[in-house]
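Participant: The structure file work.cif (mmCIF, C-alpha atoms) is provided below.
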data_run
loop_
_atom_site.group_PDB
_atom_site.id
_atom_site.type_symbol
_atom_site.label_atom_id
_atom_site.label_comp_id
_atom_site.auth_asym_id
_atom_site.auth_seq_id
_atom_site.Cartn_x
_atom_site.Cartn_y
_atom_site.Cartn_z
ATOM 1 C CA MET A 397 -6.123 -15.951 22.904
ATOM 2 C CA ILE A 398 -8.595 -13.178 22.055
ATOM 3 C CA GLY A 399 -5.788 -10.798 21.192
ATOM 4 C CA ARG A 400 -4.394 -7.585 22.581
ATOM 5 C CA PHE A 401 -6.622 -4.670 23.549
ATOM 6 C CA LEU A 402 -5.484 -1.041 23.560
ATOM 7 C CA GLU A 403 -4.501 -1.334 27.236
ATOM 8 C CA ASP A 404 -2.063 -4.114 26.378
ATOM 9 C CA PHE A 405 0.105 -1.861 24.210
ATOM 10 C CA ALA A 406 2.905 0.475 25.265
ATOM 11 C CA VAL A 407 5.382 2.612 23.382
ATOM 12 C CA GLY A 408 8.552 0.705 22.598
ATOM 13 C CA GLN A 409 7.041 -2.776 22.379
ATOM 14 C CA THR A 410 8.298 -4.789 19.442
ATOM 15 C CA PHE A 411 6.774 -7.639 17.467
ATOM 16 C CA ARG A 412 8.190 -9.978 14.841
ATOM 17 C CA SER A 413 6.854 -12.208 12.097
ATOM 18 C CA GLY A 414 8.114 -15.380 10.503
ATOM 19 C CA ALA A 415 9.856 -15.262 7.119
ATOM 20 C CA GLU A 416 8.497 -15.871 3.649
ATOM 21 C CA ARG A 417 10.366 -16.447 0.401
ATOM 22 C CA ILE A 418 9.243 -14.685 -2.796
ATOM 23 C CA ASP A 419 10.044 -16.644 -5.911
ATOM 24 C CA LYS A 420 10.200 -15.472 -9.505
ATOM 25 C CA GLU A 421 6.887 -16.956 -10.545
ATOM 26 C CA ARG A 422 4.990 -15.182 -7.779
ATOM 27 C CA ILE A 423 6.544 -11.837 -8.729
ATOM 28 C CA LYS A 424 5.420 -12.344 -12.315
ATOM 29 C CA THR A 425 1.946 -13.549 -11.410
ATOM 30 C CA PHE A 426 1.259 -10.537 -9.213
ATOM 31 C CA GLY A 427 2.625 -8.164 -11.844
ATOM 32 C CA ALA A 428 1.235 -9.740 -14.947
ATOM 33 C CA GLU A 429 -2.073 -11.208 -14.066
ATOM 34 C CA LEU A 430 -3.221 -9.053 -11.240
ATOM 35 C CA PHE A 431 -2.133 -5.577 -10.507
ATOM 36 C CA ASP A 432 1.067 -4.036 -11.746
ATOM 37 C CA PRO A 433 1.699 -4.891 -15.397
ATOM 38 C CA GLN A 434 5.023 -3.118 -15.948
ATOM 39 C CA PRO A 435 8.068 -4.720 -17.645
ATOM 40 C CA PHE A 436 10.291 -4.880 -14.519
ATOM 41 C CA HIS A 437 7.642 -6.962 -12.727
ATOM 42 C CA LEU A 438 6.917 -9.287 -15.646
ATOM 43 C CA ASP A 439 9.927 -10.480 -17.544
ATOM 44 C CA GLU A 440 13.673 -10.848 -16.857
ATOM 45 C CA GLU A 441 14.736 -9.767 -20.325
ATOM 46 C CA ALA A 442 12.498 -6.722 -20.452
ATOM 47 C CA ALA A 443 13.452 -5.803 -16.877
ATOM 48 C CA ARG A 444 17.160 -5.607 -17.700
ATOM 49 C CA ASP A 445 16.932 -2.232 -19.447
ATOM 50 C CA THR A 446 14.750 -0.570 -16.827
ATOM 51 C CA ILE A 447 15.561 1.468 -13.737
ATOM 52 C CA PHE A 448 15.516 -1.762 -11.693
ATOM 53 C CA GLY A 449 18.125 -3.502 -13.881
ATOM 54 C CA GLY A 450 16.296 -6.816 -13.434
ATOM 55 C CA LEU A 451 13.107 -8.442 -12.208
ATOM 56 C CA ALA A 452 11.717 -6.871 -9.013
ATOM 57 C CA ALA A 453 8.505 -7.352 -7.060
ATOM 58 C CA SER A 454 5.786 -4.715 -7.243
ATOM 59 C CA GLY A 455 5.792 -2.562 -4.118
ATOM 60 C CA TRP A 456 2.114 -3.473 -3.714
ATOM 61 C CA HIS A 457 3.075 -7.130 -3.739
ATOM 62 C CA THR A 458 5.563 -6.411 -0.964
ATOM 63 C CA ALA A 459 2.897 -4.470 0.949
ATOM 64 C CA ALA A 460 0.403 -7.315 0.631
ATOM 65 C CA ILE A 461 2.934 -9.938 1.742
ATOM 66 C CA THR A 462 3.835 -7.680 4.676
ATOM 67 C CA MET A 463 0.162 -7.613 5.647
ATOM 68 C CA ARG A 464 -0.031 -11.388 5.757
ATOM 69 C CA LEU A 465 3.183 -11.634 7.745
ATOM 70 C CA LEU A 466 1.683 -9.124 10.212
ATOM 71 C CA VAL A 467 -1.598 -11.024 10.518
ATOM 72 C CA GLU A 468 0.413 -14.144 11.302
ATOM 73 C CA SER A 469 2.931 -12.364 13.568
ATOM 74 C CA ASP A 470 2.827 -11.991 17.339
ATOM 75 C CA LEU A 471 1.158 -8.564 16.958
ATOM 76 C CA LYS A 472 -2.235 -10.012 17.799
ATOM 77 C CA LEU A 473 -4.817 -7.247 17.922
ATOM 78 C CA ALA A 474 -8.158 -8.085 19.527
ATOM 79 C CA GLY A 475 -10.624 -8.349 16.681
ATOM 80 C CA ALA A 476 -8.464 -7.577 13.689
ATOM 81 C CA ILE A 477 -5.719 -5.505 12.127
ATOM 82 C CA VAL A 478 -7.542 -2.525 10.617
ATOM 83 C CA GLY A 479 -5.524 0.399 9.330
ATOM 84 C CA ALA A 480 -6.881 3.937 9.412
ATOM 85 C CA GLY A 481 -4.007 5.077 7.220
ATOM 86 C CA ALA A 482 -0.269 5.616 7.120
ATOM 87 C CA ASP A 483 1.919 8.581 8.027
ATOM 88 C CA GLU A 484 4.894 7.300 6.084
ATOM 89 C CA PHE A 485 5.318 4.607 3.472
ATOM 90 C CA ARG A 486 8.568 3.917 1.634
ATOM 91 C CA TRP A 487 10.269 1.228 -0.393
ATOM 92 C CA PRO A 488 13.978 2.017 0.086
ATOM 93 C CA ARG A 489 15.188 -0.855 -2.111
ATOM 94 C CA PRO A 490 13.735 -3.444 -4.486
ATOM 95 C CA VAL A 491 12.661 -7.005 -3.683
ATOM 96 C CA ARG A 492 14.358 -9.577 -5.919
ATOM 97 C CA PRO A 493 13.368 -13.158 -6.810
ATOM 98 C CA GLY A 494 14.414 -15.480 -4.014
ATOM 99 C CA ASP A 495 14.405 -12.810 -1.320
ATOM 100 C CA GLU A 496 13.104 -13.927 2.048
ATOM 101 C CA LEU A 497 10.998 -11.316 3.809
ATOM 102 C CA ARG A 498 10.117 -10.828 7.459
ATOM 103 C CA THR A 499 8.749 -7.954 9.531
ATOM 104 C CA GLU A 500 9.763 -6.094 12.677
ATOM 105 C CA SER A 501 7.182 -3.770 14.238
ATOM 106 C CA GLU A 502 7.578 -1.187 16.964
ATOM 107 C CA VAL A 503 4.809 0.666 18.793
ATOM 108 C CA LEU A 504 5.421 4.438 18.539
ATOM 109 C CA ALA A 505 2.248 5.789 20.169
ATOM 110 C CA VAL A 506 -0.884 4.579 21.956
ATOM 111 C CA ARG A 507 -4.011 6.670 22.489
ATOM 112 C CA PRO A 508 -7.716 6.212 23.167
ATOM 113 C CA SER A 509 -10.152 7.493 20.549
ATOM 114 C CA ARG A 510 -11.361 11.028 21.270
ATOM 115 C CA SER A 511 -14.987 10.126 20.702
ATOM 116 C CA ARG A 512 -15.304 6.344 21.106
ATOM 117 C CA PRO A 513 -14.695 4.792 24.524
ATOM 118 C CA ASP A 514 -14.599 1.329 22.926
ATOM 119 C CA GLN A 515 -11.682 2.111 20.593
ATOM 120 C CA GLY A 516 -8.198 3.491 20.346
ATOM 121 C CA LEU A 517 -5.336 3.929 17.927
ATOM 122 C CA ILE A 518 -1.789 2.680 17.996
ATOM 123 C CA LYS A 519 0.917 4.039 15.720
ATOM 124 C CA VAL A 520 3.206 1.235 14.600
ATOM 125 C CA ARG A 521 6.322 1.338 12.451
ATOM 126 C CA THR A 522 6.666 -1.915 10.513
ATOM 127 C CA THR A 523 9.934 -2.536 8.708
ATOM 128 C CA THR A 524 10.009 -5.357 6.175
ATOM 129 C CA LEU A 525 13.521 -6.796 5.841
ATOM 130 C CA ASN A 526 15.168 -9.145 3.395
ATOM 131 C CA GLN A 527 17.516 -12.026 4.199
ATOM 132 C CA HIS A 528 20.457 -9.573 4.357
ATOM 133 C CA ASP A 529 18.604 -7.555 7.050
ATOM 134 C CA GLU A 530 18.147 -4.674 4.614
ATOM 135 C CA ALA A 531 14.917 -2.681 4.914
ATOM 136 C CA ILE A 532 12.840 -3.067 1.756
ATOM 137 C CA GLN A 533 9.645 -1.427 3.062
ATOM 138 C CA ILE A 534 8.929 0.946 5.940
ATOM 139 C CA ILE A 535 5.400 1.892 6.881
ATOM 140 C CA ILE A 536 4.219 3.926 9.874
ATOM 141 C CA ALA A 537 0.561 3.010 10.184
ATOM 142 C CA ASN A 538 -2.257 4.013 12.510
ATOM 143 C CA LEU A 539 -4.146 0.903 13.558
ATOM 144 C CA LEU A 540 -7.567 0.734 15.189
ATOM 145 C CA VAL A 541 -7.523 -1.271 18.405
ATOM 146 C CA ARG A 542 -10.432 -2.316 20.616
ATOM 147 C CA ARG A 543 -10.676 -1.602 24.324
ATOM 148 C CA PRO A 544 -11.756 -4.294 26.791
ATOM 149 C CA PRO A 545 -15.465 -5.239 26.641
ATOM 150 C CA THR A 546 -16.167 -3.654 30.041
ATOM 151 C CA GLN A 547 -15.214 -0.284 28.598
ATOM 152 C CA ARG A 548 -17.079 -0.592 25.313
ATOM 153 C CA GLY A 549 -20.185 1.335 24.285
ATOM 154 C CA LYS A 550 -22.370 0.489 21.289
ATOM 155 C CA GLU A 551 -20.718 -0.684 18.092
ATOM 156 C CA THR A 552 -20.082 1.795 15.342
ATOM 157 C CA ASN A 553 -19.201 1.377 11.709
ATOM 158 C CA ILE A 554 -15.797 1.825 10.216
ATOM 159 C CA THR A 555 -16.520 5.120 8.466
ATOM 160 C CA GLU A 556 -17.746 6.875 11.605
ATOM 161 C CA LEU A 557 -14.842 5.444 13.465
ATOM 162 C CA VAL A 558 -12.138 6.636 11.091
ATOM 163 C CA ASP A 559 -13.774 10.056 10.753
ATOM 164 C CA ARG A 560 -13.949 10.555 14.481
ATOM 165 C CA ALA A 561 -10.708 8.953 15.562
ATOM 166 C CA MET B 1452 3.786 7.490 -27.293
ATOM 167 C CA ILE B 1453 6.935 7.156 -25.174
ATOM 168 C CA GLY B 1454 5.229 8.821 -22.221
ATOM 169 C CA ARG B 1455 5.620 12.026 -20.281
ATOM 170 C CA PHE B 1456 8.978 13.274 -19.072
ATOM 171 C CA LEU B 1457 9.453 15.511 -16.034
ATOM 172 C CA GLU B 1458 9.242 18.620 -18.228
ATOM 173 C CA ASP B 1459 5.750 17.591 -19.358
ATOM 174 C CA PHE B 1460 4.288 17.879 -15.854
ATOM 175 C CA ALA B 1461 2.986 20.983 -14.083
ATOM 176 C CA VAL B 1462 1.269 21.573 -10.752
ATOM 177 C CA GLY B 1463 -2.499 21.334 -11.094
ATOM 178 C CA GLN B 1464 -2.627 18.876 -13.990
ATOM 179 C CA THR B 1465 -5.193 16.121 -13.524
ATOM 180 C CA PHE B 1466 -5.411 12.599 -14.902
ATOM 181 C CA ARG B 1467 -8.178 9.997 -14.834
ATOM 182 C CA SER B 1468 -8.485 6.259 -15.221
ATOM 183 C CA GLY B 1469 -11.247 4.007 -16.448
ATOM 184 C CA ALA B 1470 -13.458 2.147 -13.960
ATOM 185 C CA GLU B 1471 -13.227 -1.388 -12.650
ATOM 186 C CA ARG B 1472 -15.822 -3.418 -10.762
ATOM 187 C CA ILE B 1473 -14.787 -5.513 -7.726
ATOM 188 C CA ASP B 1474 -16.962 -8.541 -7.237
ATOM 189 C CA LYS B 1475 -17.391 -10.683 -4.158
ATOM 190 C CA GLU B 1476 -15.273 -13.559 -5.372
ATOM 191 C CA ARG B 1477 -12.288 -11.324 -6.054
ATOM 192 C CA ILE B 1478 -12.493 -9.832 -2.567
ATOM 193 C CA LYS B 1479 -12.461 -13.307 -1.059
ATOM 194 C CA THR B 1480 -9.669 -14.605 -3.278
ATOM 195 C CA PHE B 1481 -7.377 -11.725 -2.394
ATOM 196 C CA GLY B 1482 -8.184 -12.046 1.296
ATOM 197 C CA ALA B 1483 -8.250 -15.773 1.645
ATOM 198 C CA GLU B 1484 -5.735 -17.162 -0.725
ATOM 199 C CA LEU B 1485 -3.234 -14.411 -0.980
ATOM 200 C CA PHE B 1486 -2.615 -11.718 1.508
ATOM 201 C CA ASP B 1487 -5.092 -10.610 4.122
ATOM 202 C CA PRO B 1488 -6.783 -13.582 5.770
ATOM 203 C CA GLN B 1489 -9.131 -11.795 8.187
ATOM 204 C CA PRO B 1490 -12.861 -12.634 8.593
ATOM 205 C CA PHE B 1491 -14.224 -9.400 7.073
ATOM 206 C CA HIS B 1492 -12.324 -10.103 3.837
ATOM 207 C CA LEU B 1493 -13.250 -13.784 3.638
ATOM 208 C CA ASP B 1494 -16.828 -14.614 4.481
ATOM 209 C CA GLU B 1495 -20.160 -12.714 4.579
ATOM 210 C CA GLU B 1496 -21.401 -14.437 7.713
ATOM 211 C CA ALA B 1497 -18.217 -13.989 9.676
ATOM 212 C CA ALA B 1498 -17.917 -10.384 8.453
ATOM 213 C CA ARG B 1499 -21.307 -9.391 9.879
ATOM 214 C CA ASP B 1500 -20.107 -9.195 13.472
ATOM 215 C CA THR B 1501 -16.924 -7.268 12.734
ATOM 216 C CA ILE B 1502 -16.155 -3.563 12.629
ATOM 217 C CA PHE B 1503 -17.005 -3.554 8.910
ATOM 218 C CA GLY B 1504 -20.512 -5.020 9.420
ATOM 219 C CA GLY B 1505 -20.121 -7.041 6.213
ATOM 220 C CA LEU B 1506 -17.691 -8.190 3.570
ATOM 221 C CA ALA B 1507 -15.144 -5.517 2.563
ATOM 222 C CA ALA B 1508 -12.063 -5.560 0.339
ATOM 223 C CA SER B 1509 -8.601 -5.528 1.910
ATOM 224 C CA GLY B 1510 -7.077 -2.046 1.704
ATOM 225 C CA TRP B 1511 -4.099 -3.685 -0.004
ATOM 226 C CA HIS B 1512 -6.432 -5.094 -2.633
ATOM 227 C CA THR B 1513 -7.757 -1.573 -3.199
ATOM 228 C CA ALA B 1514 -4.195 -0.251 -3.406
ATOM 229 C CA ALA B 1515 -3.215 -2.882 -5.947
ATOM 230 C CA ILE B 1516 -6.287 -2.248 -8.102
ATOM 231 C CA THR B 1517 -5.539 1.473 -7.909
ATOM 232 C CA MET B 1518 -2.038 0.741 -9.222
ATOM 233 C CA ARG B 1519 -3.401 -1.083 -12.256
ATOM 234 C CA LEU B 1520 -5.925 1.669 -12.952
ATOM 235 C CA LEU B 1521 -3.029 4.172 -12.776
ATOM 236 C CA VAL B 1522 -0.826 2.139 -15.133
ATOM 237 C CA GLU B 1523 -3.710 2.075 -17.608
ATOM 238 C CA SER B 1524 -4.755 5.717 -17.029
ATOM 239 C CA ASP B 1525 -3.714 8.777 -19.021
ATOM 240 C CA LEU B 1526 -0.916 9.446 -16.499
ATOM 241 C CA LYS B 1527 1.687 8.015 -18.841
ATOM 242 C CA LEU B 1528 5.133 8.394 -17.317
ATOM 243 C CA ALA B 1529 8.095 7.879 -19.636
ATOM 244 C CA GLY B 1530 9.560 4.526 -18.689
ATOM 245 C CA ALA B 1531 7.330 3.464 -15.840
ATOM 246 C CA ILE B 1532 5.413 4.377 -12.724
ATOM 247 C CA VAL B 1533 7.917 3.915 -9.906
ATOM 248 C CA GLY B 1534 7.046 5.150 -6.450
ATOM 249 C CA ALA B 1535 9.709 6.367 -4.036
ATOM 250 C CA GLY B 1536 7.134 6.394 -1.235
ATOM 251 C CA ALA B 1537 4.023 8.121 0.038
ATOM 252 C CA ASP B 1538 3.502 11.157 2.267
ATOM 253 C CA GLU B 1539 -0.083 10.250 3.068
ATOM 254 C CA PHE B 1540 -2.114 7.099 2.623
ATOM 255 C CA ARG B 1541 -5.677 6.666 3.889
ATOM 256 C CA TRP B 1542 -8.709 4.498 3.381
ATOM 257 C CA PRO B 1543 -11.586 6.748 4.485
ATOM 258 C CA ARG B 1544 -14.308 4.162 3.827
ATOM 259 C CA PRO B 1545 -14.555 0.477 2.943
ATOM 260 C CA VAL B 1546 -14.873 -1.072 -0.527
ATOM 261 C CA ARG B 1547 -17.910 -3.351 -0.835
ATOM 262 C CA PRO B 1548 -18.682 -6.186 -3.284
ATOM 263 C CA GLY B 1549 -19.972 -4.720 -6.542
ATOM 264 C CA ASP B 1550 -18.281 -1.345 -6.060
ATOM 265 C CA GLU B 1551 -16.874 0.193 -9.212
ATOM 266 C CA LEU B 1552 -13.555 1.964 -8.686
ATOM 267 C CA ARG B 1553 -11.805 4.672 -10.687
ATOM 268 C CA THR B 1554 -8.983 7.097 -9.987
ATOM 269 C CA GLU B 1555 -8.453 10.842 -10.215
ATOM 270 C CA SER B 1556 -4.889 12.135 -9.870
ATOM 271 C CA GLU B 1557 -3.592 15.659 -9.421
ATOM 272 C CA VAL B 1558 0.008 16.845 -9.665
ATOM 273 C CA LEU B 1559 0.952 18.715 -6.462
ATOM 274 C CA ALA B 1560 4.658 19.337 -7.063
ATOM 275 C CA VAL B 1561 7.326 18.864 -9.724
ATOM 276 C CA ARG B 1562 11.057 19.019 -9.082
ATOM 277 C CA PRO B 1563 14.307 17.821 -10.643
ATOM 278 C CA SER B 1564 16.423 15.421 -8.613
ATOM 279 C CA ARG B 1565 19.093 17.161 -6.560
ATOM 280 C CA SER B 1566 21.805 14.796 -7.657
ATOM 281 C CA ARG B 1567 20.635 13.182 -10.918
ATOM 282 C CA PRO B 1568 20.213 15.310 -14.028
ATOM 283 C CA ASP B 1569 18.364 12.468 -15.752
ATOM 284 C CA GLN B 1570 15.586 12.198 -13.146
ATOM 285 C CA GLY B 1571 13.013 14.101 -11.176
ATOM 286 C CA LEU B 1572 10.145 13.599 -8.780
ATOM 287 C CA ILE B 1573 6.496 14.495 -9.030
ATOM 288 C CA LYS B 1574 4.185 14.498 -6.031
ATOM 289 C CA VAL B 1575 0.767 13.215 -7.062
ATOM 290 C CA ARG B 1576 -2.418 12.873 -5.031
ATOM 291 C CA THR B 1577 -4.454 9.943 -6.331
ATOM 292 C CA THR B 1578 -7.993 9.572 -5.036
ATOM 293 C CA THR B 1579 -9.754 6.277 -5.699
ATOM 294 C CA LEU B 1580 -13.522 6.759 -5.864
ATOM 295 C CA ASN B 1581 -16.473 4.373 -5.876
ATOM 296 C CA GLN B 1582 -19.550 4.575 -8.084
ATOM 297 C CA HIS B 1583 -21.122 7.092 -5.676
ATOM 298 C CA ASP B 1584 -18.099 9.386 -6.115
ATOM 299 C CA GLU B 1585 -17.046 8.724 -2.513
ATOM 300 C CA ALA B 1586 -13.293 8.605 -1.830
ATOM 301 C CA ILE B 1587 -12.267 5.127 -0.680
ATOM 302 C CA GLN B 1588 -8.485 5.624 -0.871
ATOM 303 C CA ILE B 1589 -6.275 8.705 -0.902
ATOM 304 C CA ILE B 1590 -2.547 8.457 -1.486
ATOM 305 C CA ILE B 1591 -0.040 11.258 -1.944
ATOM 306 C CA ALA B 1592 2.903 9.585 -3.619
ATOM 307 C CA ASN B 1593 6.303 10.698 -4.832
ATOM 308 C CA LEU B 1594 6.931 9.230 -8.264
ATOM 309 C CA LEU B 1595 10.240 9.021 -10.097
ATOM 310 C CA VAL B 1596 10.070 10.573 -13.561
ATOM 311 C CA ARG B 1597 12.702 10.610 -16.306
ATOM 312 C CA ARG B 1598 14.001 13.713 -18.008
ATOM 313 C CA PRO B 1599 14.393 13.863 -21.783
ATOM 314 C CA PRO B 1600 17.273 11.779 -23.216
ATOM 315 C CA THR B 1601 19.241 14.884 -24.186
ATOM 316 C CA GLN B 1602 19.524 15.794 -20.521
ATOM 317 C CA ARG B 1603 20.384 12.378 -19.178
ATOM 318 C CA GLY B 1604 23.674 11.251 -17.728
ATOM 319 C CA LYS B 1605 24.616 7.654 -17.046
ATOM 320 C CA GLU B 1606 21.992 5.265 -15.731
ATOM 321 C CA THR B 1607 21.850 4.554 -12.056
ATOM 322 C CA ASN B 1608 20.151 1.889 -10.034
ATOM 323 C CA ILE B 1609 16.963 2.298 -8.076
ATOM 324 C CA THR B 1610 18.588 2.228 -4.639
ATOM 325 C CA GLU B 1611 21.037 5.013 -5.408
ATOM 326 C CA LEU B 1612 18.259 6.962 -7.006
ATOM 327 C CA VAL B 1613 15.862 6.790 -4.087
ATOM 328 C CA ASP B 1614 18.613 7.509 -1.589
ATOM 329 C CA ARG B 1615 19.747 10.579 -3.417
ATOM 330 C CA ALA B 1616 16.455 11.991 -4.643
#
Would you give me this structure, written as structure tokens?

Facilitator:
Amino acid sequence: MIGRFLEDFAVGQTFRSGAERIDKERIKTFGAELFDPQPFHLDEEAARDTIFGGLAASGWHTAAITMRLLVESDLKLAGAIVGAGADEFRWPRPVRPGDELRTESEVLAVRPSRSRPDQGLIKVRTTTLNQHDEAIQIIIANLLVRRPPTQRGKETNITELVDRA
Amino acid sequence: MIGRFLEDFAVGQTFRSGAERIDKERIKTFGAELFDPQPFHLDEEAARDTIFGGLAASGWHTAAITMRLLVESDLKLAGAIVGAGADEFRWPRPVRPGDELRTESEVLAVRPSRSRPDQGLIKVRTTTLNQHDEAIQIIIANLLVRRPPTQRGKETNITELVDRA
């Protein structure tokens, strides 16, 4: 399957991913060694006296896991999943060690690019849920989507495309 | 230094981080092994025929690096940097191997929490720039900030806090 073109999307469609468990060691590795070295992402003891009251995943860790779940979900965009940006982005509650995450996406809008006949944008709300079906991340993103080859003009680069979309 | 409390912030203040270079191997490791397994984040050859026209970092990689630059910047929040969400989030151009990233942040709004005397929110625009001073990520985030201990009531948990802020 090549993937879905702009014409294959309609408002109200929904897509789901599989689930993925986040264990304690992965929370610490992301926080400590990579990107978000703050006590509540690094160490149970140190996390106890913070606003989180215990170890929690970095929101950026959650966002990155959500991205992989999306890539592997049934939202199969032709070409790739490329985000032009987000209108809304929230983490309503923390992700704890052992939580199992999955995504539900809904198409909110579909439109061709104003300047590029070979491209369009879809607005998609993706909610990441834990094993209790509680939302732990909500993002409303604008994704670039290709149009069928018969409708495509010459290729452009990403900067032009985002500027003109 | 304990860090800045809500009362230490004012609209128009700016904060900067140091710079960090992103090399090719780190782009591939993030894309391939962790979170965003798409061709333009994984392999130079495969990336050539994509919308990016070459290897580019995952936007989530950029976001995570931005977070570490912020944690290590002179924006020192008392307690921690905890985001309640973002009003705007864009990647106006791609990050390429060898790019050197740094952040500039500006305080756009400061307000006490409506329900929690011990907390407040600041709205901060953080622009991540490359070595050519081009913006590669812009995020307007709402960050939770503590108020001085003399003004604090009992501690609350993060979920209550975000819900009520």

Participant: Write down, as a ChimeraX atom specification, each residue of chain A that has any atom within 7 Å of an atom of chain B, counting only C-alpha atoms.

Facilitator: /A:431-432,434,447-449,456,460-461,463-464,476,480-489,553-555,558

Participant: Please enumerate the residues selected by the PyMOL selection byres ((chain A and resi 519-521) around 6) when evaluated against the supplied file, formatted as a list in words.

Facilitator: Ser501, Glu502, Val503, Leu504, Ala505, Ile518, Thr522, Ile535, Ile536, Ala537 and Asn538 of chain A

Participant: Extract, using all atoms listed in the file, all DNA, RNA and protein residues at most 9 Å from A:Ile418, discarding same-chain residues fewer than 6 positions from it, and format them as a VMD selection string.

Facilitator: chain A and resid 453 491 to 497

Participant: Calculate how many Å separate atom CA of B:Leu1572 from atom CA of B:Phe1466, rounding to one decimal.

Facilitator: 16.7 Å

Participant: Between A:Val541, A:Asp470, A:Asp529, A:Glu441, which one has atoms that come closest to A:Arg512, using all atoms listed in the file?

Facilitator: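 Going through A:Val541, A:Asp470, A:Asp529, A:Glu441 one by one, the smallest distance to A:Arg512 is for A:Val541.
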
Participant: One decimal, Å: what's the distance from atom CA of A:Leu473 over to atom CA of A:Leu402, could you say?

Facilitator: 8.4 Å

Participant: Tell me which residues come within 8 Å of (7.0, 20.0, -13.3), as a list in words, counting all atoms listed in the file in the file's coordinates.

Facilitator: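 Returned residue set, sorted by chain then number, is Leu1457, Glu1458, Asp1459, Phe1460, Ala1461, Val1462, Ala1560, Val1561, Arg1562 and Ile1573 of chain B.
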
Participant: With distances taken over only C-alpha atoms, which of A:Leu471, A:Ala415, A:Ala442, A:Ile398 is nearest to A:Thr524?

Facilitator: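 For A:Thr524, the nearest of the candidates is A:Ala415.
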
Participant: Find, counting only C-alpha atoms, the residue in B:Gln1582, B:Gln1570, B:Thr1513, B:Ser1564 that gets nearest to B:Pro1600.

Facilitator: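 Closest to B:Pro1600 of all the choices is B:Gln1570.
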
Participant: In Å, with one decimal, what is the gap from atom CA of B:Phe1456 to atom CA of A:Ile532?

Facilitator: 26.8 Å

Participant: Might I get the box with edges along x, y and z of the file that holds all atoms of stretch 1574-1586 of chain B listed there, padded by 6 Å on every side, given as centre and edge lengths in Å to one decimal, as lines of an AutoDock Vina configuration file?

Facilitator:
center_x = -8.5
center_y = 9.4
center_z = -5.0
size_x = 37.3
size_y = 22.1
size_z = 18.3

Participant: How would you write, as JSON, numbers by chain, the residues chosen by the PyMOL selection byres ((chain B and resi 1469) around 7) on this structure?

Facilitator: {"B": [1467, 1468, 1470, 1471, 1520, 1524, 1553]}
